[in-house]
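> Got a structure here, written out as structure tokens. Questions coming.
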Amino acid sequence: MFVSDILSQKGGTVFTVAPGTSVAQVSQELGLRRIGSVLVLDGEGAVAGIVSERDLVRALASHGARALELEARQVMTRDVVTCDPDESIDQVMETMTRGRFRHLPVVRRGELLGLVSIGDIVKFRLEETRHETEALRAYIVAG
């Protein structure tokens, strides 16, 4: 199974912000949308960074309440690892485990196609396991 399989089920909607968006606004978006990260896009629409809940916690730990006045560009993770839609789910799980992050933008030739989270992958794997179990049960009963 591939990243494209997950995107075909969940869609390619990605919540993004501009680099100058305040941390307070980013926090509100995360809370309202019940998501764990937003991508920061530059003026051309390319991924410039990602702001995750961890980034917000680090900013609060370093700056206290003043962190809410900072901009996304000041707290974002700049070296964003991405994946291609043709990568396997196993490859993506390994990348996320090795990098210790939970969100991975899906990019092909510079175009942002979506975002997969560890939750998306777990959900997909559970569904895959259910289908395999049902197929085995049907095989045994027919056997």
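Ordering of the structure tokens sets the chain letters (A, B, ...); residue numbers start at 1 within each chain; ligands are numbered from 1 in the order shown.
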Determine which residues of range 4-112 of chain A receive a DSSP assignment of helix (DSSP H, G or I), computed from the backbone, and state them as a ChimeraX atom specification.

/A:4-10,23-33,53-69,72-75,89-99

> For CA of Val26 in chain A and CA of Thr95 in chain A, quote the distance in Å rounded to one decimal.

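Distance reported for this atom pair: 25.6 Å.
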
> Taking only C-alpha atoms into account, produce a table as JSON lines in which each residue of range 13-37 of chain A with an atom at most 10 Å from an atom of range 113-130 of chain A appears once, together with its shortest atom pair and the distance in Å to one decimal, ordered by chain and rising number.


```
{"residue": "A:Thr13", "atom": "CA", "partner": "A:Gly114", "partner_atom": "CA", "distance": 6.1}
{"residue": "A:Val14", "atom": "CA", "partner": "A:Gly114", "partner_atom": "CA", "distance": 5.8}
{"residue": "A:Phe15", "atom": "CA", "partner": "A:Leu115", "partner_atom": "CA", "distance": 9.1}
{"residue": "A:Ile35", "atom": "CA", "partner": "A:Ser117", "partner_atom": "CA", "distance": 9.7}
{"residue": "A:Gly36", "atom": "CA", "partner": "A:Ser117", "partner_atom": "CA", "distance": 8.7}
{"residue": "A:Ser37", "atom": "CA", "partner": "A:Ser117", "partner_atom": "CA", "distance": 9.4}
```

> Restricting the output to C-alpha atoms, write the selected residues as a tab-separated table (two decimals), in the first residue's frame.


```tsv
chain	number	residue	atom	x	y	z
A	13	THR	CA	-6.81	19.23	2.21
A	14	VAL	CA	-3.89	20.79	4.07
A	15	PHE	CA	-4.16	23.67	6.50
A	35	ILE	CA	-5.18	19.05	14.14
A	36	GLY	CA	-1.58	18.68	15.27
A	37	SER	CA	0.28	20.84	12.76
```

> Using only C-alpha atoms, find each residue of range 5-66 of chain A with at least one atom at most 12 Å away from an atom of range 72-89 of chain A; report its shortest atom-to-atom pair and that distance in Å (one decimal), sort the rows by chain and rising residue number, and return the result as CSV.


```
residue,atom,partner,partner_atom,distance
A:Asp5,CA,A:Pro85,CA,8.3
A:Ile6,CA,A:Ile89,CA,8.9
A:Leu7,CA,A:Pro85,CA,8.1
A:Ser8,CA,A:Pro85,CA,10.1
A:Gly12,CA,A:Pro85,CA,11.1
A:Thr16,CA,A:Ala72,CA,10.7
A:Val17,CA,A:Ala72,CA,7.9
A:Ala18,CA,A:Ala72,CA,7.5
A:Pro19,CA,A:Arg73,CA,4.7
A:Gly20,CA,A:Ala72,CA,6.0
A:Thr21,CA,A:Ala72,CA,5.5
A:Ser22,CA,A:Ala72,CA,5.9
A:Val23,CA,A:Ala72,CA,5.7
A:Ala24,CA,A:Ala72,CA,9.3
A:Gln25,CA,A:Ala72,CA,9.1
A:Val26,CA,A:Ala72,CA,7.4
A:Ser27,CA,A:Ala72,CA,10.1
A:Ser37,CA,A:Met76,CA,10.1
A:Val38,CA,A:Met76,CA,9.5
A:Leu39,CA,A:Met76,CA,8.8
A:Val40,CA,A:Ala72,CA,7.3
A:Leu41,CA,A:Arg73,CA,9.8
A:Asp42,CA,A:Arg73,CA,9.9
A:Ala46,CA,A:Val80,CA,11.2
A:Val47,CA,A:Val80,CA,7.8
A:Ala48,CA,A:Arg78,CA,6.4
A:Gly49,CA,A:Arg78,CA,4.5
A:Ile50,CA,A:Met76,CA,5.3
A:Val51,CA,A:Met76,CA,4.6
A:Ser52,CA,A:Met76,CA,7.6
A:Glu53,CA,A:Met76,CA,10.2
A:Arg54,CA,A:Thr77,CA,9.8
A:Asp55,CA,A:Val75,CA,6.1
A:Leu56,CA,A:Val75,CA,7.1
A:Val57,CA,A:Val75,CA,9.8
A:Arg58,CA,A:Val75,CA,8.2
A:Ala59,CA,A:Val75,CA,6.4
A:Leu60,CA,A:Val75,CA,9.9
A:Ala61,CA,A:Val75,CA,11.7
A:Ser62,CA,A:Val75,CA,10.4
A:His63,CA,A:Val75,CA,10.7
```
